[in-house]
file my_file14.cif (mmCIF, C-alpha atoms)
data_query
loop_
_atom_site.group_PDB
_atom_site.id
_atom_site.type_symbol
_atom_site.label_atom_id
_atom_site.label_comp_id
_atom_site.auth_asym_id
_atom_site.auth_seq_id
_atom_site.Cartn_x
_atom_site.Cartn_y
_atom_site.Cartn_z
ATOM 1 C CA MET A 1328 9.615 -29.564 -5.532
ATOM 2 C CA LYS A 1329 6.309 -27.989 -4.530
ATOM 3 C CA GLN A 1330 6.541 -25.801 -1.432
ATOM 4 C CA THR A 1331 5.083 -27.635 1.550
ATOM 5 C CA THR A 1332 4.493 -26.080 4.939
ATOM 6 C CA THR A 1333 7.531 -27.941 6.275
ATOM 7 C CA ASN A 1334 9.666 -26.680 3.397
ATOM 8 C CA ILE A 1335 8.421 -23.108 3.903
ATOM 9 C CA GLU A 1336 9.337 -23.356 7.589
ATOM 10 C CA ARG A 1337 12.841 -24.507 6.637
ATOM 11 C CA LEU A 1338 13.202 -21.660 4.135
ATOM 12 C CA PHE A 1339 11.937 -19.220 6.750
ATOM 13 C CA ARG A 1340 14.389 -20.361 9.414
ATOM 14 C CA GLN A 1341 17.278 -20.516 6.966
ATOM 15 C CA HIS A 1342 16.768 -17.254 5.045
ATOM 16 C CA TYR A 1343 14.586 -14.895 7.107
ATOM 17 C CA GLU A 1344 17.423 -12.912 8.703
ATOM 18 C CA ARG A 1345 19.177 -12.283 5.398
ATOM 19 C CA MET A 1346 15.898 -11.347 3.711
ATOM 20 C CA TYR A 1347 14.970 -8.979 6.543
ATOM 21 C CA ARG A 1348 18.404 -7.306 6.511
ATOM 22 C CA LEU A 1349 18.131 -6.729 2.757
ATOM 23 C CA ALA A 1350 14.675 -5.201 3.161
ATOM 24 C CA ARG A 1351 15.944 -3.065 6.039
ATOM 25 C CA THR A 1352 18.771 -1.617 3.902
ATOM 26 C CA ILE A 1353 16.225 -0.618 1.253
ATOM 27 C CA LEU A 1354 13.210 0.505 3.298
ATOM 28 C CA PHE A 1355 14.559 1.516 6.744
ATOM 29 C CA ASP A 1356 11.167 0.750 8.333
ATOM 30 C CA ALA A 1357 11.002 -2.364 10.524
ATOM 31 C CA ASP A 1358 7.260 -2.918 10.062
ATOM 32 C CA GLU A 1359 7.432 -2.544 6.286
ATOM 33 C CA CYS A 1360 10.430 -4.891 6.200
ATOM 34 C CA ARG A 1361 8.579 -7.593 8.117
ATOM 35 C CA ASP A 1362 5.579 -7.124 5.806
ATOM 36 C CA VAL A 1363 7.753 -7.459 2.711
ATOM 37 C CA VAL A 1364 9.383 -10.676 3.908
ATOM 38 C CA SER A 1365 5.998 -12.056 4.966
ATOM 39 C CA ASP A 1366 4.554 -11.190 1.557
ATOM 40 C CA VAL A 1367 7.335 -13.144 -0.145
ATOM 41 C CA PHE A 1368 6.640 -16.238 1.969
ATOM 42 C CA GLU A 1369 2.884 -15.823 1.520
ATOM 43 C CA ARG A 1370 3.406 -15.765 -2.248
ATOM 44 C CA LEU A 1371 5.474 -18.947 -2.054
ATOM 45 C CA LEU A 1372 2.558 -20.685 -0.353
ATOM 46 C CA SER A 1373 -0.308 -19.238 -2.355
ATOM 47 C CA GLU A 1374 1.255 -19.588 -5.799
ATOM 48 C CA SER A 1375 2.963 -22.911 -5.176
ATOM 49 C CA VAL A 1376 6.310 -21.593 -6.419
ATOM 50 C CA VAL A 1377 8.859 -24.323 -7.100
ATOM 51 C CA LEU A 1378 12.371 -23.537 -5.880
ATOM 52 C CA LEU A 1379 15.511 -25.454 -6.665
ATOM 53 C CA PRO A 1380 17.817 -25.855 -3.649
ATOM 54 C CA GLU A 1381 20.746 -24.214 -5.452
ATOM 55 C CA THR A 1382 18.732 -21.109 -6.422
ATOM 56 C CA GLU A 1383 16.368 -20.656 -3.471
ATOM 57 C CA GLU A 1384 18.436 -18.006 -1.682
ATOM 58 C CA ALA A 1385 18.911 -15.930 -4.841
ATOM 59 C CA TYR A 1386 15.192 -16.199 -5.630
ATOM 60 C CA LEU A 1387 14.145 -15.159 -2.120
ATOM 61 C CA LEU A 1388 16.517 -12.188 -2.005
ATOM 62 C CA ARG A 1389 15.484 -11.052 -5.488
ATOM 63 C CA SER A 1390 11.831 -11.339 -4.448
ATOM 64 C CA VAL A 1391 12.491 -9.197 -1.361
ATOM 65 C CA ARG A 1392 14.307 -6.586 -3.444
ATOM 66 C CA ASN A 1393 11.498 -6.445 -6.019
ATOM 67 C CA ARG A 1394 8.839 -6.217 -3.316
ATOM 68 C CA CYS A 1395 10.754 -3.396 -1.602
ATOM 69 C CA LEU A 1396 10.960 -1.492 -4.889
ATOM 70 C CA HIS A 1397 7.226 -1.961 -5.305
ATOM 71 C CA VAL A 1398 6.610 -0.559 -1.810
ATOM 72 C CA ILE A 1399 8.835 2.451 -2.557
ATOM 73 C CA ALA A 1400 7.038 3.130 -5.828
ATOM 74 C CA HIS A 1401 3.728 3.302 -4.001
ATOM 75 C CA LYS A 1402 4.993 5.411 -1.091
ATOM 76 C CA ASP A 1403 4.840 8.444 -3.359
ATOM 77 C CA VAL A 1404 1.117 7.831 -3.838
ATOM 78 C CA ARG A 1405 0.571 7.510 -0.074
ATOM 79 C CA GLU A 1406 2.492 10.694 0.611
ATOM 80 C CA ARG A 1407 0.576 12.607 -2.086
ATOM 81 C CA VAL A 1408 -2.755 11.454 -0.650
ATOM 82 C CA GLY A 1409 -1.776 12.407 2.874
ATOM 83 C CA ARG A 1410 -0.360 15.756 1.821
ATOM 84 C CA LEU A 1411 -3.422 16.618 -0.270
ATOM 85 C CA LEU A 1412 -5.838 15.709 2.478
ATOM 86 C CA LEU A 1413 -3.837 17.719 5.016
ATOM 87 C CA GLU A 1414 -3.696 20.700 2.655
ATOM 88 C CA ASN A 1415 -7.418 20.412 2.039
ATOM 89 C CA ALA A 1416 -8.051 20.068 5.769
ATOM 90 C CA ASP A 1417 -6.143 23.310 6.418
ATOM 91 C CA THR A 1418 -8.085 25.041 3.664
ATOM 92 C CA ILE A 1419 -11.371 23.567 4.800
ATOM 93 C CA LEU A 1420 -10.835 24.529 8.414
ATOM 94 C CA SER A 1421 -9.693 28.052 7.678
ATOM 95 C CA ASP A 1422 -12.260 29.999 5.676
ATOM 96 C CA HIS A 1423 -15.681 28.838 4.517
ATOM 97 C CA ASP A 1424 -15.469 25.744 6.743
ATOM 98 C CA ASP A 1425 -18.899 24.281 6.238
ATOM 99 C CA GLU A 1426 -19.130 25.084 2.534
ATOM 100 C CA ARG A 1427 -15.800 23.480 1.632
ATOM 101 C CA LEU A 1428 -16.348 20.460 3.849
ATOM 102 C CA GLU A 1429 -19.758 19.941 2.298
ATOM 103 C CA ARG A 1430 -18.233 20.268 -1.189
ATOM 104 C CA LEU A 1431 -15.523 17.722 -0.345
ATOM 105 C CA MET A 1432 -18.115 15.264 0.982
ATOM 106 C CA ARG A 1433 -20.231 15.718 -2.189
ATOM 107 C CA ILE A 1434 -17.183 15.026 -4.341
ATOM 108 C CA ILE A 1435 -16.401 11.890 -2.335
ATOM 109 C CA ASP A 1436 -20.049 10.778 -2.604
ATOM 110 C CA HIS A 1437 -19.847 10.981 -6.393
ATOM 111 C CA LEU A 1438 -16.501 9.274 -6.924
ATOM 112 C CA GLU A 1439 -16.688 6.451 -9.430
ATOM 113 C CA PRO A 1440 -16.523 3.519 -9.149
ATOM 114 C CA PRO A 1441 -18.257 3.202 -5.761
ATOM 115 C CA VAL A 1442 -15.391 1.068 -4.423
ATOM 116 C CA ARG A 1443 -13.209 4.197 -4.679
ATOM 117 C CA GLN A 1444 -15.513 5.997 -2.230
ATOM 118 C CA GLN A 1445 -15.383 3.040 0.112
ATOM 119 C CA ILE A 1446 -11.578 2.825 -0.019
ATOM 120 C CA LEU A 1447 -11.169 6.565 0.602
ATOM 121 C CA ARG A 1448 -13.534 6.483 3.576
ATOM 122 C CA LEU A 1449 -11.935 3.401 5.117
ATOM 123 C CA ARG A 1450 -8.417 4.785 4.747
ATOM 124 C CA PHE A 1451 -8.934 8.370 5.879
ATOM 125 C CA LEU A 1452 -12.141 8.499 7.879
ATOM 126 C CA GLN A 1453 -11.720 5.183 9.695
ATOM 127 C CA GLU A 1454 -7.913 5.442 9.592
ATOM 128 C CA MET A 1455 -7.405 1.867 8.455
ATOM 129 C CA SER A 1456 -4.018 0.744 7.100
ATOM 130 C CA TYR A 1457 -3.641 -0.067 3.416
ATOM 131 C CA GLN A 1458 -3.618 -3.784 4.207
ATOM 132 C CA GLU A 1459 -6.734 -3.483 6.383
ATOM 133 C CA VAL A 1460 -8.539 -1.600 3.600
ATOM 134 C CA ALA A 1461 -7.437 -4.178 1.024
ATOM 135 C CA THR A 1462 -8.711 -7.016 3.217
ATOM 136 C CA ALA A 1463 -12.006 -5.254 4.008
ATOM 137 C CA VAL A 1464 -12.742 -4.476 0.366
ATOM 138 C CA GLY A 1465 -11.340 -7.744 -0.994
ATOM 139 C CA VAL A 1466 -8.708 -6.224 -3.281
ATOM 140 C CA SER A 1467 -4.918 -6.016 -3.324
ATOM 141 C CA LYS A 1468 -2.927 -3.238 -1.667
ATOM 142 C CA VAL A 1469 -1.892 -2.081 -5.150
ATOM 143 C CA THR A 1470 -5.564 -1.627 -6.044
ATOM 144 C CA VAL A 1471 -6.049 0.398 -2.864
ATOM 145 C CA TYR A 1472 -3.085 2.633 -3.797
ATOM 146 C CA ASN A 1473 -4.416 3.081 -7.331
ATOM 147 C CA HIS A 1474 -7.924 4.014 -6.191
ATOM 148 C CA LEU A 1475 -6.595 6.461 -3.595
ATOM 149 C CA SER A 1476 -4.310 8.075 -6.140
ATOM 150 C CA GLN A 1477 -7.142 8.506 -8.629
ATOM 151 C CA ALA A 1478 -9.501 9.787 -5.923
ATOM 152 C CA VAL A 1479 -6.964 12.383 -4.818
ATOM 153 C CA ASP A 1480 -6.370 13.480 -8.413
ATOM 154 C CA THR A 1481 -10.129 13.870 -8.914
ATOM 155 C CA ILE A 1482 -10.598 15.832 -5.671
ATOM 156 C CA LYS A 1483 -7.647 18.059 -6.440
ATOM 157 C CA LYS A 1484 -8.860 18.717 -9.984
ATOM 158 C CA LEU A 1485 -12.371 19.617 -8.835
ATOM 159 C CA PHE A 1486 -11.096 21.912 -6.049
ATOM 160 C CA ASN A 1487 -8.731 23.643 -8.482
ATOM 161 C CA GLU A 1488 -11.568 24.134 -10.998
ATOM 162 C CA ALA A 1489 -13.670 25.716 -8.257
ATOM 163 C CA LYS A 1490 -10.856 28.211 -7.461
ATOM 164 C CA GLN A 1491 -10.748 29.428 -11.063
#
call {"tool": "encode", "arguments": {"input": "my_file14.cif", "output": "structure tokens"}}
result
Amino acid sequence: MKQTTTNIERLFRQHYERMYRLARTILFDADECRDVVSDVFERLLSESVVLLPETEEAYLLRSVRNRCLHVIAHKDVRERVGRLLLENADTILSDHDDERLERLMRIIDHLEPPVRQQILRLRFLQEMSYQEVATAVGVSKVTVYNHLSQAVDTIKKLFNEAKQ
């Protein structure tokens, strides 16, 4: 049967706690867990997934597990971006402040494609969350992660070339 709003509400009431607990055992972060479970229900609605009554619980729990694994896989990218920007901030603020900051801004200005510049600025200069950036730019969170990862790799490469 196609998922109707009423059916989604029933699934939510019946399975939310179990789904949340599973996410919590994998991610340990309450906000991320709520996001994961919400993403699973959002997908049910947007993709018109058909669930059989005898397999709905298994499908929902498997979806939560897969979504949690996806979140974990992309945490490494987030941590690398944050670490690199903090390292660069320490370097920038120590010696040759203006010169290095200007160089970093020039690199950001020349990132390709232009959406990469926009994503980097929204995330780190305006301090928007990944979801807020994704919504503002009109892309998925995965696309945001990918662009940030590639931007950081480019910045790092260009700074390392300048040191040599």
call {"tool": "residues_near_point", "arguments": {"input": "my_file14.cif", "point": "(15.4, -20.3, 5.5)", "cutoff": "12 Å", "atoms": "all atoms listed in the file", "output": "list in words"}}
result
Thr1333, Asn1334, Ile1335, Glu1336, Arg1337, Leu1338, Phe1339, Arg1340, Gln1341, His1342, Tyr1343, Glu1344, Arg1345, Met1346, Tyr1347, Val1364, Phe1368, Pro1380, Glu1383, Glu1384, Ala1385, Tyr1386, Leu1387 and Leu1388 of chain A
call {"tool": "atom_distance", "arguments": {"input": "my_file14.cif", "atom1": "CA of Arg1450 in chain A", "atom2": "CA of Ser1390 in chain A"}}
result
27.5 Å
call {"tool": "atom_distance", "arguments": {"input": "my_file14.cif", "atom1": "CA of Glu1439 in chain A", "atom2": "CA of Gln1477 in chain A"}}
result
9.8 Å
call {"tool": "atom_distance", "arguments": {"input": "my_file14.cif", "atom1": "CA of Asn1487 in chain A", "atom2": "CA of Ala1461 in chain A"}}
result
29.4 Å
call {"tool": "closest_residue", "arguments": {"input": "my_file14.cif", "among": "A:Lys1484, A:Arg1370, A:His1474, A:Arg1394", "to": "Gln1445 in chain A", "atoms": "only C-alpha atoms"}}
result
A:His1474
call {"tool": "axis_aligned_box", "arguments": {"input": "my_file14.cif", "around": "range 1468-1471 of chain A", "padding_each_side": "3 Å", "output": "AutoDock Vina command-line options"}}
result
--center_x -4.0 --center_y -1.4 --center_z -3.9 --size_x 10.2 --size_y 9.6 --size_z 10.4
call {"tool": "closest_residue", "arguments": {"input": "my_file14.cif", "among": "A:Glu1454, A:Arg1392, A:Glu1459, A:Asp1366", "to": "Arg1351 in chain A", "atoms": "all atoms listed in the file"}}
result
A:Arg1392
